[in-house]
Amino acid sequence: MHLIRGVPCVIAALVAATLTAPATAADTADGGGGHCARQERVWVPGAALQRSTCLPDLTTTGLAGTPYTDLGDQAGLTASATRTPYGVPGIQVDGYFPDTSRFNATHGWWHDAQFVIRLPDRWNGGLVVTGAPGTRRQYATDKVISDRVLAQGYAYAATDKGNSGADFHRDGKRPGDAVAEWNTRTTELTRAARRVVAQRYGHTPRRTYITGISNGGYLTRWQLENHPELYDGGVDWEGALWTVRGPSLLTSLPVAVARTLGSARDEDLHAVGFARGSEFLWAYHEKTYWGLTQKIYRAEFDPAYDPGCPGPSAGSTPEQILAPCPTDATYDYASRPASVHRAVARVALTGRIGRPLITLHGDLDALLPKAADSDVYARMIDRSGRGGLHRYYTIQGGTHVDGLYDTYPDRLRPILPCYRSAFDALTGWVERGTPPPADRTVARPADGDLVDACGLRGSAPAPR
């Protein structure tokens with residue numbers, strides 16, 4: 001879920017080539033009429049405030065040190081040696097939709113429902129939409145998603161989901177409101193961005209894709225279930241799973257908190273889905289993720305359980321913010337009142353996707369263990385009769401944040417290059433009718449480039 005700041009190709013050759021060079025005119029036949037053409041026509045329907053800027057480079061390489069990205073909010077999401085493309089000129093539109101919450105301080109606006117839309121000069125006719133992972137904000141996926149899709153010629157739009165930070169659960173009037181707003185804001189931005197694209201290039205996108213990491217992966221799943229008419233497909237990178245009866249993080253993380261506080265064993269974590277072999281990552285997650293994640297999401301759906309914890313800002317010091325609430329060690333979602341289950345039902349997934357979806361999940365994910373998440377979601381899709389629209393790839397050695405590869409290069413692998421391969425596979429599936437590989441485990445190579453190369457073919461197929 002990538003909660004806080006500062007936490008740490010189908011064929012490999014094709015992927016490597018696309019990482020270092022911007023799109024060419026041949027790749028982007030639509031063009032756009034010159035550098036920042038029609039900028040004066042660009043306005044975002046429904047926005048309360050917007051700012052349009054013509055920039056020589058829309059990638060993080062060009063935007064570093066400017067107000068148009070936030071490298072701090074991207075911390076920990078990529079391996080340090082990750083290469084990204086650069087040199088993509090175009091228009092950036094920043095702004096926000098009407099909202100009543102004020103958690104997002106970006107640009108000094110102190111206003112939520114902030115968005116960024118990027119319109120490259122050389123356009124390929126497509127649009128990519130995403131929402132921030134975890135409790136981050138609209139620039140969080142600039143390096144992992146925006147840079148590459150811009151270089152491929154796509155327009156790009158991202159939302160802060162309408163609330164952010166460790167206090168996000170304080171938004172709204174009733175339990176579940178804050179997370180429900182994530183979905184509303186993503187739909188709102190998609191519709192607005194499609195019209196912005198038409199203003200800039202003269203017609204609406206020929207293809208619109210939804211994608212995201214962690215909570216952004218959840219948004220991808222929800223949008224393809226509830227608004228398939230807006231999209232042509234999506235890539236879900238370890239999306240969070242919400243189901244009325246469980247599993248969800250409210251059924252797995254209490255056990256992790258109990259282990260942190262000494263009242264649960266390793267075997268108890270294995271029993272709720274944490275992978276054997278991921279134990280070397282648990283000490284880090286105890287200090288960084290488990291306590292904070294459990295208490296703020298429990299406060300979102302079940303605020304009556306322990307009203308005193310978390311308090312404002314989940315605490316007053318970094319240690320207090322990251323620490324677990326002792327009461328969460330005994331939290332039992334199944335026994336909570338029906339009102340709690342109704343709150344989760346408002347945002348729950350069904351598996352009834354209406355467009356092609358590719359899911360990736362690391363087998364060493366120690367925040368959202370795949371056995372209690374994407375494995376379950378894949379079965380939900382199959383049971384709904386939509387299995388033909390889904391591909392599921394387990395990334396051997398992958399964990400929840402790629403930044404941990406720098407600490408454990410001998411045990412982990414970044415998921416980002418596999419995500420890039422999956423995105424290419426999705427577009428080939430949608431636009432050319434090329435079937436992506438069957439569900440499989442993508443093996444971790446014993447040697448070679450793990451940071452910037454990943455082929456989805458050639459690994460062991462996995463049964464549904």
# chains A, B, ... in the order shown; residues from 1 in each chain; ligands from 1

$ residues_around --residues "Val149 of chain A" --least-positions-apart "6" --cutoff "9 Å" --atoms "only C-alpha atoms" --output "PyMOL selection string"
chain A and resi 127-128+155-156

$ residues_around --residues "Pro310 of chain A" --least-positions-apart "3" --cutoff "12 Å" --atoms "only C-alpha atoms" --output "JSON, numbers by chain"
{"A": [166, 167, 168, 169, 170, 291, 292, 293, 294, 295, 296, 297, 298, 299, 300, 302, 303, 304, 305, 306, 307, 313, 314, 315, 316, 320, 321, 322, 323, 324, 325, 326, 327, 328]}

$ closest_residue --among "A:Gly202, A:Gly246, A:Gly87, A:Gly153" --to "Leu349 of chain A" --atoms "only C-alpha atoms"
A:Gly246

$ residues_around --residues "segment 176-187 of chain A" --least-positions-apart "6" --cutoff "7 Å" --atoms "only C-alpha atoms" --output "PyMOL selection string"
chain A and resi 113+131+159+161-163+168-169+219+300-301+343-344+346-347

$ residues_around --residues "Thr106 of chain A" --least-positions-apart "2" --cutoff "12 Å" --atoms "only C-alpha atoms" --output "list in words"
Pro67, Tyr68, Thr69, Asp70, Gly72, Asp73, Asp94, Gly95, Tyr96, Arg102, Phe103, Asn104, Gly108, Trp109, Trp110, His111, Asp112, Ala113, Gln114, Phe115, Val116, Arg136, Arg137, Gln138, Tyr139, Ala140, Asp160 and Ser164 of chain A

$ closest_atom_pairs --of "segment 308-375 of chain A" --to "segment 270-282 of chain A" --cutoff "6 Å" --atoms "only C-alpha atoms" --output "JSON lines"
{"residue": "A:Leu364", "atom": "CA", "partner": "A:Ser278", "partner_atom": "CA", "distance": 5.2}
{"residue": "A:Pro369", "atom": "CA", "partner": "A:Phe274", "partner_atom": "CA", "distance": 5.2}
{"residue": "A:Ala371", "atom": "CA", "partner": "A:Gly273", "partner_atom": "CA", "distance": 5.0}
{"residue": "A:Ala372", "atom": "CA", "partner": "A:Gly273", "partner_atom": "CA", "distance": 5.3}

$ atom_distance --atom1 "atom CA of Ala443 of chain A" --atom2 "atom CA of Thr394 of chain A"
8.5 Å

$ closest_residue --among "A:Leu150, A:Val197, A:Ala348, A:Leu230" --to "Asp57 of chain A" --atoms "only C-alpha atoms"
A:Leu150

$ residues_around --residues "Leu426 of chain A" --least-positions-apart "4" --cutoff "12 Å" --atoms "only C-alpha atoms" --output "PyMOL selection string"
chain A and resi 9-10+207-211+232-236+355-359+389-392+419-422+430-437+456

$ write_last_selection --atoms "N, CA, C and O atoms" --output "tab-separated table (two decimals), in the first residue's frame"
chain	number	residue	atom	x	y	z
A	9	CYS	N	8.05	-5.62	-22.04
A	9	CYS	CA	8.42	-6.27	-23.26
A	9	CYS	C	8.11	-7.71	-23.14
A	9	CYS	O	8.45	-8.49	-22.34
A	10	VAL	N	7.58	-8.05	-23.80
A	10	VAL	CA	7.48	-9.48	-23.72
A	10	VAL	C	8.86	-10.08	-23.89
A	10	VAL	O	9.14	-11.15	-23.41
A	207	ARG	N	-7.95	4.63	-27.33
A	207	ARG	CA	-7.84	3.62	-26.28
A	207	ARG	C	-7.61	4.31	-24.95
A	207	ARG	O	-6.84	5.26	-24.87
A	208	THR	N	-8.28	3.83	-23.91
A	208	THR	CA	-8.07	4.34	-22.56
A	208	THR	C	-7.78	3.16	-21.65
A	208	THR	O	-8.54	2.19	-21.61
A	209	TYR	N	-6.65	3.24	-20.93
A	209	TYR	CA	-6.24	2.17	-20.03
A	209	TYR	C	-6.22	2.67	-18.59
A	209	TYR	O	-5.85	3.82	-18.33
A	210	ILE	N	-6.60	1.80	-17.68
A	210	ILE	CA	-6.54	2.07	-16.25
A	210	ILE	C	-5.49	1.14	-15.65
A	210	ILE	O	-5.40	-0.04	-16.01
A	211	THR	N	-4.68	1.67	-14.75
A	211	THR	CA	-3.62	0.86	-14.16
A	211	THR	C	-3.22	1.45	-12.82
A	211	THR	O	-3.57	2.59	-12.51
A	232	ASP	N	-10.49	0.38	-22.02
A	232	ASP	CA	-10.27	-0.75	-22.92
A	232	ASP	C	-9.53	-1.89	-22.24
A	232	ASP	O	-9.47	-2.99	-22.79
A	233	GLY	N	-8.98	-1.67	-21.06
A	233	GLY	CA	-8.29	-2.71	-20.32
A	233	GLY	C	-7.49	-2.11	-19.19
A	233	GLY	O	-7.44	-0.88	-19.03
A	234	GLY	N	-6.86	-2.97	-18.40
A	234	GLY	CA	-6.09	-2.49	-17.26
A	234	GLY	C	-5.01	-3.44	-16.81
A	234	GLY	O	-5.05	-4.63	-17.11
A	235	VAL	N	-4.03	-2.90	-16.10
A	235	VAL	CA	-2.97	-3.69	-15.45
A	235	VAL	C	-3.01	-3.38	-13.96
A	235	VAL	O	-2.90	-2.22	-13.55
A	236	ASP	N	-3.16	-4.41	-13.18
A	236	ASP	CA	-3.30	-4.35	-11.72
A	236	ASP	C	-2.03	-4.89	-11.10
A	236	ASP	O	-1.74	-6.08	-11.20
A	355	ARG	N	-13.63	-5.71	-18.86
A	355	ARG	CA	-12.58	-5.47	-19.85
A	355	ARG	C	-11.36	-6.31	-19.49
A	355	ARG	O	-11.20	-6.74	-18.35
A	356	PRO	N	-10.44	-6.53	-20.45
A	356	PRO	CA	-9.24	-7.32	-20.17
A	356	PRO	C	-8.43	-6.74	-19.02
A	356	PRO	O	-8.24	-5.52	-18.93
A	357	LEU	N	-7.95	-7.62	-18.16
A	357	LEU	CA	-7.17	-7.23	-16.99
A	357	LEU	C	-5.99	-8.17	-16.84
A	357	LEU	O	-6.14	-9.39	-16.92
A	358	ILE	N	-4.81	-7.60	-16.59
A	358	ILE	CA	-3.62	-8.37	-16.23
A	358	ILE	C	-3.25	-8.01	-14.80
A	358	ILE	O	-3.14	-6.83	-14.46
A	359	THR	N	-3.07	-9.03	-13.96
A	359	THR	CA	-2.68	-8.86	-12.56
A	359	THR	C	-1.27	-9.39	-12.34
A	359	THR	O	-0.93	-10.48	-12.83
A	389	LEU	N	-11.09	-12.94	-19.62
A	389	LEU	CA	-10.63	-11.56	-19.68
A	389	LEU	C	-9.44	-11.30	-18.76
A	389	LEU	O	-8.99	-10.15	-18.67
A	390	HIS	N	-8.92	-12.34	-18.12
A	390	HIS	CA	-7.92	-12.12	-17.07
A	390	HIS	C	-6.67	-12.96	-17.30
A	390	HIS	O	-6.75	-14.10	-17.73
A	391	ARG	N	-5.52	-12.35	-17.02
A	391	ARG	CA	-4.26	-13.07	-16.92
A	391	ARG	C	-3.62	-12.71	-15.58
A	391	ARG	O	-3.70	-11.56	-15.14
A	392	TYR	N	-2.96	-13.68	-14.96
A	392	TYR	CA	-2.41	-13.51	-13.61
A	392	TYR	C	-0.99	-14.04	-13.59
A	392	TYR	O	-0.75	-15.21	-13.86
A	419	TYR	N	6.03	-5.39	-14.87
A	419	TYR	CA	4.85	-4.56	-15.07
A	419	TYR	C	4.88	-3.92	-16.47
A	419	TYR	O	3.87	-3.87	-17.18
A	420	ARG	N	6.04	-3.43	-16.87
A	420	ARG	CA	6.16	-2.82	-18.19
A	420	ARG	C	5.88	-3.86	-19.28
A	420	ARG	O	5.20	-3.56	-20.28
A	421	SER	N	6.38	-5.06	-19.09
A	421	SER	CA	6.10	-6.13	-20.04
A	421	SER	C	4.60	-6.44	-20.07
A	421	SER	O	4.03	-6.68	-21.13
A	422	ALA	N	3.99	-6.43	-18.89
A	422	ALA	CA	2.56	-6.73	-18.82
A	422	ALA	C	1.74	-5.64	-19.51
A	422	ALA	O	0.74	-5.95	-20.17
A	430	VAL	N	-5.37	-6.00	-26.55
A	430	VAL	CA	-6.52	-5.14	-26.86
A	430	VAL	C	-6.48	-4.65	-28.30
A	430	VAL	O	-7.48	-4.66	-29.01
A	431	GLU	N	-5.31	-4.20	-28.75
A	431	GLU	CA	-5.23	-3.49	-30.03
A	431	GLU	C	-4.94	-4.39	-31.22
A	431	GLU	O	-5.33	-4.05	-32.35
A	432	ARG	N	-4.26	-5.51	-30.99
A	432	ARG	CA	-3.91	-6.38	-32.11
A	432	ARG	C	-4.47	-7.78	-31.98
A	432	ARG	O	-4.26	-8.62	-32.86
A	433	GLY	N	-5.16	-8.06	-30.86
A	433	GLY	CA	-5.72	-9.38	-30.65
A	433	GLY	C	-4.69	-10.45	-30.37
A	433	GLY	O	-4.96	-11.64	-30.53
A	434	THR	N	-3.50	-10.03	-29.90
A	434	THR	CA	-2.43	-10.98	-29.58
A	434	THR	C	-2.62	-11.48	-28.16
A	434	THR	O	-2.47	-10.71	-27.20
A	435	PRO	N	-2.94	-12.75	-27.97
A	435	PRO	CA	-3.18	-13.24	-26.60
A	435	PRO	C	-1.91	-13.15	-25.76
A	435	PRO	O	-0.83	-13.54	-26.22
A	436	PRO	N	-2.03	-12.64	-24.55
A	436	PRO	CA	-0.86	-12.65	-23.66
A	436	PRO	C	-0.59	-14.06	-23.18
A	436	PRO	O	-1.44	-14.96	-23.32
A	437	PRO	N	0.59	-14.30	-22.60
A	437	PRO	CA	0.87	-15.64	-22.07
A	437	PRO	C	-0.17	-16.08	-21.06
A	437	PRO	O	-0.81	-15.25	-20.40
A	456	LEU	N	7.72	-12.17	-19.94
A	456	LEU	CA	6.61	-12.92	-19.36
A	456	LEU	C	6.52	-14.33	-19.92
A	456	LEU	O	5.95	-15.22	-19.31
